[in-house]
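Visitor: Structure incoming, see below.
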Amino acid sequence: MYPDEQTLMEVGRISIAAGRLDADLGALWYQLAPDQVDELKARRAQAGTVREKIKGLARQRLDATHGEALIAFVDEVEAVQNDRNAVLHSRWLLQGQDAMRPVSEFLSLSEEERAEYIERWDREALA
């Protein structure tokens with residue numbers, strides 16, 4: 001079942017907001033440590049890496065009150081990013097064992113078995 005236009009627009013809105021959040025978090029990392037990281041690298045880094053770097057810098061470079069507040073904020077951001085990932089990715093992924101099969105399973109078959117495997121898998125597909 002395909003999502004309706006309104007759902008697609010909402011997913012798009014979430015995607016844009018999430019991209020901005022990721023970039024802003026990277027900019028925060030850069031602001032805390034311009035001597036340690038390139039700004040572009042910080043803005044493009046994976047979210048988990050950025051969060052860990054910010055937490056470490058908050059402990060090193062900020063007083064306890066501000067450091068703890070920033071760490072709490074980053075923890076909230078992580079929860080939002082996890083929610084975002086659930087929304088953005090769950091609608092597009094197939095569920096269950098047949099959603100994706102390991103490549104090793106396919107590669108362990110002989111050439112003759114591979115054609116039959118693919119045909120059998122196509123017949124098993126469910127809407």
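A note on labels: chains of the structure tokens are A, B, ... as shown, every chain counts residues from 1, and ligands are counted from 1 in their shown order.
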Env of Ile71 of chain A: 12 Å cut, atoms = only C-alpha atoms, seq-sep filter 6 positions within chain, self excluded. Answer as a PyMOL selection string.
Guide: chain A and resi 51-60+62-65+77-78
Visitor: With only C-alpha atoms as the atoms that count, which of A:Ile118, A:Val50, A:Ala69, A:Val80 lies nearest to Ala18 of chain A?
Guide: A:Val80
Visitor: Name the closest residue to Thr7 of chain A among the candidates A:Asn82, A:Pro34, A:Leu88, A:His66; distances are taken between atoms, counting only C-alpha atoms.
Guide: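 Once distances to Thr7 of chain A are computed over only C-alpha atoms, the minimum belongs to A:Leu88.
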Visitor: Determine the nearest neighbour of Arg13 of chain A from the options A:Val87, A:Leu107, A:Ala33, A:Ala45, counting only C-alpha atoms.
Guide: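 Ranking A:Val87, A:Leu107, A:Ala33, A:Ala45 by distance to Arg13 of chain A, first place goes to A:Val87.
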Visitor: From a DSSP pass on the backbone, collect the residues of segment 18-124 of chain A flagged as alpha helix (DSSP H) and hand them back as a ChimeraX atom specification.
Guide: /A:18-32,39-44,47-61,64-90,103-107,111-124
Visitor: Atom CA of Leu109 of chain A and atom CA of Trp121 of chain A are how many Å apart?
Guide: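 We find that atom CA of Leu109 of chain A and atom CA of Trp121 of chain A lie 13.9 Å from each other.
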Visitor: Restricting the calculation to only C-alpha atoms, which member of A:Val74, A:Met9, A:Val103, A:Val37 is positioned closest to Asp22 of chain A?
Guide: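 For Asp22 of chain A, the nearest of the candidates is A:Val74.
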Visitor: Hey, can you check how far atom CA of Ala86 of chain A sits from atom CA of Leu40 of chain A?
Guide: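 Separation of atom CA of Ala86 of chain A and atom CA of Leu40 of chain A: 26.7 Å.
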Visitor: Measure the distance from atom CA of Gly26 of chain A to atom CA of Ala42 of chain A in Å and round it to one decimal.
Guide: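 So the two atoms, atom CA of Gly26 of chain A and atom CA of Ala42 of chain A, lie 4.6 Å apart.
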